[in-house]
$ cat final_7.cif   # mmCIF, C-alpha atoms
data_start
loop_
_atom_site.label_atom_id
_atom_site.label_comp_id
_atom_site.auth_asym_id
_atom_site.auth_seq_id
_atom_site.Cartn_x
_atom_site.Cartn_y
_atom_site.Cartn_z
CA TYR R 2 -2.61 -18.56 9.12
CA ARG R 3 -1.70 -21.80 7.40
CA PRO R 4 -0.06 -21.20 4.02
CA LEU R 5 -0.83 -22.69 0.65
CA ARG R 6 1.02 -25.94 0.15
CA GLU R 7 0.90 -27.62 -3.27
CA ALA R 8 1.71 -31.31 -3.07
CA PRO R 9 3.85 -33.27 -5.54
CA ARG R 10 2.01 -34.28 -8.73
CA ALA R 11 -0.85 -31.94 -7.84
CA SER R 12 -1.92 -29.11 -10.15
CA ALA R 13 -3.65 -25.82 -9.36
CA ALA R 14 -4.37 -22.44 -10.93
CA ILE R 15 -5.12 -19.47 -8.67
CA THR R 16 -6.22 -15.96 -9.63
CA GLY R 17 -6.52 -12.95 -7.33
CA LEU R 18 -4.75 -14.47 -4.35
CA THR R 19 -3.37 -12.23 -1.59
CA VAL R 20 -0.90 -13.72 0.90
CA THR R 21 0.34 -11.29 3.53
CA SER R 22 1.30 -11.42 7.17
CA ASP R 23 0.95 -7.66 7.74
CA GLY R 24 4.52 -7.50 8.96
CA ASN R 25 4.24 -10.49 11.31
CA GLU R 26 5.90 -13.84 10.86
CA VAL R 27 3.97 -16.42 8.90
CA ARG R 28 3.00 -19.60 10.75
CA ALA R 29 3.57 -22.19 8.10
CA LEU R 30 3.96 -25.84 7.31
CA SER R 31 7.57 -26.95 7.40
CA ILE R 32 9.56 -27.11 4.18
CA GLN R 33 12.09 -29.92 4.40
CA ALA R 34 11.62 -29.52 8.17
CA PHE R 35 13.40 -26.19 8.45
CA ALA R 36 11.42 -23.28 7.04
CA ASP R 37 8.28 -21.18 7.17
CA THR R 38 7.00 -19.59 3.98
CA GLY R 39 3.90 -18.19 2.29
CA ILE R 40 3.62 -20.79 -0.48
CA ASP R 41 5.34 -24.17 -0.66
CA ASN R 42 4.98 -25.62 -4.16
CA SER R 43 6.24 -29.02 -5.17
CA GLY R 44 3.51 -29.69 -7.73
CA THR R 45 2.28 -27.52 -10.62
CA LEU R 46 0.96 -24.11 -9.63
CA SER R 47 -0.15 -21.03 -11.56
CA LEU R 48 -0.59 -17.65 -9.82
CA THR R 49 -2.26 -14.78 -11.71
CA ASP R 50 -3.18 -11.26 -10.55
CA SER R 51 -1.93 -12.11 -7.07
CA ILE R 52 -0.06 -10.33 -4.26
CA LEU R 53 2.43 -11.91 -1.88
CA SER R 54 3.61 -9.31 0.61
CA GLY R 55 5.11 -9.03 4.09
CA ASN R 56 5.82 -12.73 4.62
CA SER R 57 8.94 -13.93 6.44
CA VAL R 58 10.74 -17.01 7.72
CA SER R 59 11.88 -17.40 11.30
CA VAL R 60 14.16 -20.45 11.27
CA THR R 61 17.88 -19.78 10.84
CA ASP R 62 19.15 -20.44 7.31
CA ALA R 63 15.59 -20.98 6.01
CA PRO R 64 14.75 -20.07 2.39
CA GLY R 65 11.81 -18.59 0.52
CA GLY R 66 10.10 -15.66 2.24
CA ALA R 67 7.05 -15.66 -0.05
CA ILE R 68 7.53 -18.79 -2.15
CA TYR R 69 9.53 -21.99 -1.92
CA ASN R 70 9.35 -23.78 -5.25
CA SER R 71 10.58 -27.25 -6.07
CA GLY R 72 7.90 -27.94 -8.67
CA THR R 73 6.59 -26.01 -11.66
CA LEU R 74 5.43 -22.49 -10.83
CA THR R 75 4.07 -19.79 -13.15
CA VAL R 76 3.59 -16.25 -11.81
CA THR R 77 1.74 -13.81 -14.09
CA LYS R 78 0.64 -10.20 -13.54
CA SER R 79 1.45 -10.45 -9.85
CA THR R 80 3.44 -8.63 -7.17
CA ILE R 81 5.94 -10.16 -4.74
CA SER R 82 6.99 -7.48 -2.28
CA ARG R 83 8.55 -6.91 1.16
CA ASN R 84 9.09 -10.56 2.00
CA SER R 85 12.21 -11.78 3.79
CA ALA R 86 14.23 -14.94 4.36
CA TYR R 87 17.80 -16.05 4.83
CA PHE R 88 17.96 -17.18 1.19
CA GLY R 89 15.57 -16.04 -1.54
CA GLY R 90 13.72 -13.23 0.20
CA GLY R 91 10.98 -13.23 -2.44
CA VAL R 92 11.32 -16.65 -4.06
CA TYR R 93 13.60 -19.63 -3.50
CA ASN R 94 13.68 -21.94 -6.53
CA ASP R 95 15.12 -25.29 -5.53
CA SER R 96 15.51 -27.45 -8.65
CA GLY R 97 12.09 -26.29 -9.83
CA THR R 98 10.87 -24.53 -12.98
CA LEU R 99 9.91 -20.92 -12.27
CA THR R 100 8.34 -18.62 -14.88
CA VAL R 101 7.60 -14.99 -13.98
CA THR R 102 5.79 -12.83 -16.55
CA SER R 103 4.47 -9.25 -16.43
CA SER R 104 5.09 -9.05 -12.69
CA THR R 105 6.85 -6.89 -10.10
CA ILE R 106 9.32 -8.19 -7.52
CA CYS R 107 10.29 -5.37 -5.18
CA GLY R 108 11.45 -4.59 -1.65
CA ASN R 109 12.30 -8.17 -0.68
CA SER R 110 15.36 -9.01 1.40
CA ALA R 111 17.61 -11.97 2.16
CA ASP R 112 20.30 -12.21 4.81
CA TYR R 113 22.55 -14.09 2.43
CA TYR R 114 21.72 -14.84 -1.21
CA GLY R 115 19.04 -13.58 -3.58
CA GLY R 116 16.99 -10.72 -2.18
CA GLY R 117 14.41 -11.05 -4.93
CA ILE R 118 15.02 -14.57 -6.21
CA CYS R 119 17.53 -17.27 -5.30
CA ASN R 120 17.75 -19.85 -8.09
CA LEU R 121 19.64 -22.79 -6.68
CA THR R 122 19.67 -25.50 -9.35
CA GLY R 123 16.42 -24.81 -11.15
CA SER R 124 15.27 -22.92 -14.22
CA LEU R 125 14.13 -19.29 -13.97
CA THR R 126 12.50 -17.35 -16.82
CA LEU R 127 11.75 -13.66 -16.16
CA THR R 128 9.82 -11.85 -18.88
CA ASN R 129 8.38 -8.33 -19.13
CA SER R 130 8.90 -7.81 -15.40
CA THR R 131 10.54 -5.40 -12.97
CA MET R 132 12.86 -6.11 -10.04
CA SER R 133 13.61 -3.12 -7.82
CA GLY R 134 14.53 -2.39 -4.21
CA ASN R 135 15.54 -5.96 -3.35
CA THR R 136 18.52 -6.47 -1.03
CA ALA R 137 20.83 -9.31 0.02
CA SER R 138 24.41 -9.83 1.05
CA SER R 139 25.02 -11.22 -2.45
CA GLY R 140 22.72 -10.93 -5.43
CA GLY R 141 20.33 -8.16 -4.47
CA ALA R 142 17.90 -9.03 -7.27
CA ILE R 143 18.90 -12.54 -8.41
CA PHE R 144 21.43 -15.06 -7.12
CA GLN R 145 21.91 -18.24 -9.09
CA MET R 146 24.16 -21.24 -8.53
CA GLU R 147 23.94 -24.13 -10.99
CA GLY R 148 20.69 -23.59 -12.86
CA SER R 149 19.68 -21.41 -15.78
CA VAL R 150 18.27 -17.88 -15.83
CA THR R 151 16.60 -16.32 -18.87
CA ILE R 152 15.72 -12.63 -18.60
CA SER R 153 13.85 -10.92 -21.43
CA CYS R 154 12.22 -7.51 -21.78
CA SER R 155 12.74 -6.79 -18.08
CA THR R 156 14.23 -4.11 -15.87
CA VAL R 157 16.52 -4.87 -12.92
CA SER R 158 17.33 -1.60 -11.18
CA GLY R 159 17.71 -0.13 -7.71
CA ASN R 160 18.64 -3.43 -6.06
CA MET R 161 21.43 -3.70 -3.48
CA GLY R 162 24.08 -6.25 -2.60
CA THR R 163 25.53 -5.26 0.76
CA GLY R 164 28.56 -7.50 0.25
CA ALA R 165 28.65 -7.82 -3.55
CA PHE R 166 26.54 -8.28 -6.68
CA GLY R 167 23.77 -5.68 -6.52
CA GLY R 168 21.82 -6.82 -9.57
CA VAL R 169 22.24 -10.30 -11.04
CA PHE R 170 24.81 -12.90 -9.96
CA SER R 171 25.51 -16.26 -11.54
CA SER R 172 28.29 -18.71 -10.77
CA TYR R 173 30.42 -19.87 -13.68
CA ILE R 174 28.53 -23.17 -13.80
CA GLY R 175 25.21 -21.37 -14.15
CA LEU R 176 23.76 -19.98 -17.38
CA ILE R 177 22.32 -16.51 -17.99
CA THR R 178 20.54 -15.47 -21.18
CA LEU R 179 19.74 -11.74 -21.19
CA THR R 180 17.87 -10.02 -24.03
CA ASN R 181 16.07 -6.70 -24.52
CA SER R 182 16.61 -5.80 -20.87
CA ILE R 183 18.03 -3.14 -18.58
CA VAL R 184 20.31 -4.03 -15.68
CA SER R 185 21.50 -0.75 -14.22
CA ARG R 186 21.50 1.61 -11.23
CA ASN R 187 21.98 -1.24 -8.76
CA THR R 188 24.43 -0.80 -5.88
CA ALA R 189 27.12 -2.97 -4.26
CA PRO R 190 30.72 -2.58 -3.06
CA VAL R 191 31.85 -4.70 -6.06
CA HIS R 192 30.19 -6.08 -9.22
CA VAL R 193 27.35 -3.61 -9.13
CA ASP R 194 25.03 -4.78 -11.90
CA MET R 195 25.98 -8.10 -13.51
CA PHE R 196 28.34 -10.93 -12.67
CA GLY R 197 28.55 -14.18 -14.58
CA PRO R 198 28.88 -15.40 -18.18
CA LEU R 199 26.15 -14.58 -20.69
CA THR R 200 25.10 -17.10 -23.33
CA SER R 201 25.63 -16.42 -27.01
CA GLU R 202 21.87 -15.85 -27.39
CA SER R 203 22.12 -12.73 -25.21
CA GLY R 204 22.03 -9.24 -26.68
CA PHE R 205 20.29 -5.88 -27.10
CA ASN R 206 20.68 -4.93 -23.44
CA LEU R 207 21.64 -1.86 -21.45
CA ILE R 208 23.99 -2.88 -18.64
CA GLY R 209 25.65 -0.48 -16.24
CA LEU R 210 24.81 2.74 -18.08
CA ASP R 211 22.38 5.40 -16.91
CA PRO R 212 19.08 4.44 -18.56
CA HIS R 213 17.57 7.90 -17.88
CA PHE R 214 14.42 6.68 -16.21
CA VAL R 215 11.66 9.16 -15.54
CA ARG R 216 12.56 8.66 -11.84
CA ASP R 217 15.29 6.43 -10.43
CA PRO R 218 14.56 3.97 -7.62
CA ASP R 219 15.47 5.43 -4.21
CA PRO R 220 15.47 3.80 -0.74
CA GLY R 221 14.41 7.12 0.78
CA PRO R 222 15.94 9.28 3.53
CA ASP R 223 16.71 6.25 5.72
CA MET R 224 18.78 4.72 2.86
CA THR R 225 17.26 1.32 3.63
CA TRP R 226 15.19 -0.75 1.24
CA GLY R 227 12.15 -2.54 2.62
CA THR R 228 10.90 0.39 4.68
CA GLU R 229 7.95 2.74 4.32
CA ASP R 230 9.87 5.53 2.54
CA ASP R 231 10.98 3.34 -0.38
CA ASP R 232 10.46 4.74 -3.86
CA TYR R 233 10.69 2.07 -6.53
CA GLY R 234 10.89 4.80 -9.14
CA ASP R 235 9.19 5.39 -12.46
CA LEU R 236 11.12 3.10 -14.76
CA ARG R 237 9.68 4.43 -17.98
CA LEU R 238 12.36 5.76 -20.30
CA THR R 239 12.81 9.43 -21.17
CA ALA R 240 13.68 10.55 -24.68
CA LEU R 241 17.33 10.86 -23.58
CA SER R 242 17.64 7.19 -22.71
CA PRO R 243 20.30 5.19 -24.57
CA ALA R 244 17.90 2.23 -24.29
CA VAL R 245 15.38 3.81 -26.68
CA ASP R 246 15.27 1.71 -29.86
CA LEU R 247 18.07 -0.51 -28.52
CA GLY R 248 15.97 -3.67 -28.49
CA ASN R 249 15.29 -6.23 -31.18
CA ASN R 250 11.73 -7.28 -32.01
CA SER R 251 12.92 -10.64 -33.33
CA ALA R 252 14.09 -11.46 -29.81
CA LEU R 253 10.66 -10.93 -28.26
CA PRO R 254 9.25 -14.02 -26.54
CA PRO R 255 6.31 -15.60 -28.39
CA GLY R 256 2.97 -14.19 -27.32
CA LEU R 257 4.38 -11.02 -25.72
CA THR R 258 2.48 -8.16 -27.35
CA THR R 259 2.36 -5.41 -24.68
CA ASP R 260 4.65 -3.99 -22.01
CA LEU R 261 3.74 -3.48 -18.34
CA ASP R 262 1.83 -0.31 -19.23
CA GLY R 263 -0.20 -2.16 -21.82
CA ASN R 264 1.54 -0.42 -24.72
CA SER R 265 2.09 -2.32 -27.94
CA MET R 266 5.39 -4.12 -28.48
CA ASP R 267 5.17 -3.38 -32.21
CA ARG R 268 8.37 -1.33 -32.03
CA LEU R 269 12.02 -1.73 -31.11
CA VAL R 270 12.09 -2.10 -27.35
CA ALA R 271 14.46 -2.30 -24.42
CA GLY R 272 13.50 -2.82 -20.83
CA CYS R 273 9.76 -3.13 -21.44
CA SER R 274 9.34 -0.96 -18.35
#
$ encode --input "final_7.cif" --output "structure tokens"
Amino acid sequence: YRPLREAPRASAAITGLTVTSDGNEVRALSIQAFADTGIDNSGTLSLTDSILSGNSVSVTDAPGGAIYNSGTLTVTKSTISRNSAYFGGGVYNDSGTLTVTSSTICGNSADYYGGGICNLTGSLTLTNSTMSGNTASSGGAIFQMEGSVTISCSTVSGNMGTGAFGGVFSSYIGLITLTNSIVSRNTAPVHVDMFGPLTSESGFNLIGLDPHFVRDPDPGPDMTWGTEDDDYGDLRLTALSPAVDLGNNSALPPGLTTDLDGNSMDRLVAGCS
């Protein structure tokens, strides 16, 4: 099929969209003449209650399995899963503004950087969301170069960096602000969960410790994420979790009143899982 392509200076809001190739490669418009992808946004686009699954790129070194964003993109209450690319298996954010809220990014893969999201020079805000089962050579969940990443009330767990950086990677010229979040139980030969400097606004996080989820993410008997036996886990916290009451309500983003289960945020929180 032909993918959605949002032109510069255009604006669109979409609800209930499903973009999937059912495991086959997507036939797509070119992105800077070298990539296929599910959605190419260089305008202003809002996706709500949508699913982007099973999309891939075929051109060597091409980015953005599900989404290539160089504009302003808002993703809300949506799922980005089992997409693949050389860079940014789920989403490649190239100098754009990307906001992901109350969404799940799982089971995506990249040959090189950013299994879930590769943030090149743009701005990424991840709120009240889960990233699990994403894989890449570096930055299983998130890989960022020169932009800024803000993660709040989110859980990053069960992601894999086959070379390094299983969870979140940022270069020293990038910025990461992390609040009320869990980054744990990721895997990599080195720098398992977090790598990169955190801003002074960061705090109230659980990093690298066992969060005592109800059920940990597991790639299944084949030990490979992105296959049919994947188990993204039950990332709710048990009573034994050190993340219980670790969060700070004053650090909640404006307008965020419920977690992914629809439970009230009128309590100390961590992970919002």
$ resolve_selection --input "final_7.cif" --expression "the PyMOL selection byres ((chain R and resi 108-121) around 6)" --output "ChimeraX atom specification"
/R:82-95,107,122-123,134-146,227
$ atom_distance --input "final_7.cif" --atom1 "CA of Gly148 (chain R)" --atom2 "CA of Leu257 (chain R)"
24.3 Å
$ residues_around --input "final_7.cif" --residues "Ser71 (chain R)" --least-positions-apart "3" --cutoff "10 Å" --atoms "only C-alpha atoms" --output "mmCIF file with C-alpha atoms, keeping the file's coordinate frame"
data_model
loop_
_atom_site.group_PDB
_atom_site.id
_atom_site.type_symbol
_atom_site.label_atom_id
_atom_site.label_comp_id
_atom_site.auth_asym_id
_atom_site.auth_seq_id
_atom_site.Cartn_x
_atom_site.Cartn_y
_atom_site.Cartn_z
ATOM 1 C CA PRO R 9 3.850 -33.270 -5.540
ATOM 2 C CA ASP R 41 5.340 -24.170 -0.660
ATOM 3 C CA ASN R 42 4.980 -25.620 -4.160
ATOM 4 C CA SER R 43 6.240 -29.020 -5.170
ATOM 5 C CA GLY R 44 3.510 -29.690 -7.730
ATOM 6 C CA THR R 45 2.280 -27.520 -10.620
ATOM 7 C CA ILE R 68 7.530 -18.790 -2.150
ATOM 8 C CA LEU R 74 5.430 -22.490 -10.830
ATOM 9 C CA TYR R 93 13.600 -19.630 -3.500
ATOM 10 C CA ASN R 94 13.680 -21.940 -6.530
ATOM 11 C CA ASP R 95 15.120 -25.290 -5.530
ATOM 12 C CA SER R 96 15.510 -27.450 -8.650
ATOM 13 C CA GLY R 97 12.090 -26.290 -9.830
ATOM 14 C CA THR R 98 10.870 -24.530 -12.980
ATOM 15 C CA LEU R 99 9.910 -20.920 -12.270
ATOM 16 C CA THR R 122 19.670 -25.500 -9.350
ATOM 17 C CA GLY R 123 16.420 -24.810 -11.150
#
$ closest_residue --input "final_7.cif" --among "R:Asp260, R:Glu147, R:Asp50, R:Asp217" --to "Leu236 (chain R)" --atoms "all atoms listed in the file"
R:Asp217
$ atom_distance --input "final_7.cif" --atom1 "CA of Asn249 (chain R)" --atom2 "CA of Tyr233 (chain R)"
26.4 Å
$ resolve_selection --input "final_7.cif" --expression "the PyMOL selection byres ((chain R and resi 126-133) around 6)" --output "JSON, numbers by chain"
{"R": [100, 101, 102, 103, 104, 105, 106, 107, 125, 134, 135, 150, 151, 152, 153, 154, 155, 156, 157, 158, 159, 160, 273]}
$ resolve_selection --input "final_7.cif" --expression "the PyMOL selection byres ((chain R and resi 230) around 12)" --output "list in words"
Gly108, Gly134, Pro218, Asp219, Pro220, Gly221, Pro222, Asp223, Met224, Thr225, Trp226, Gly227, Thr228, Glu229, Asp231, Asp232, Tyr233 and Gly234 of chain R
$ write_last_selection --input "final_7.cif" --atoms "C-alpha atoms" --output "compact mmCIF listing (two decimals), in the coordinates of the input"
# COMPACT_ATOMS: atom_id res chain seq x y z
CA GLY R 108 11.45 -4.59 -1.65
CA GLY R 134 14.53 -2.39 -4.21
CA PRO R 218 14.56 3.97 -7.62
CA ASP R 219 15.47 5.43 -4.21
CA PRO R 220 15.47 3.80 -0.74
CA GLY R 221 14.41 7.12 0.78
CA PRO R 222 15.94 9.28 3.53
CA ASP R 223 16.71 6.25 5.72
CA MET R 224 18.78 4.72 2.86
CA THR R 225 17.26 1.32 3.63
CA TRP R 226 15.19 -0.75 1.24
CA GLY R 227 12.15 -2.54 2.62
CA THR R 228 10.90 0.39 4.68
CA GLU R 229 7.95 2.74 4.32
CA ASP R 231 10.98 3.34 -0.38
CA ASP R 232 10.46 4.74 -3.86
CA TYR R 233 10.69 2.07 -6.53
CA GLY R 234 10.89 4.80 -9.14
$ atom_distance --input "final_7.cif" --atom1 "CA of Pro255 (chain R)" --atom2 "CA of Phe205 (chain R)"
17.1 Å
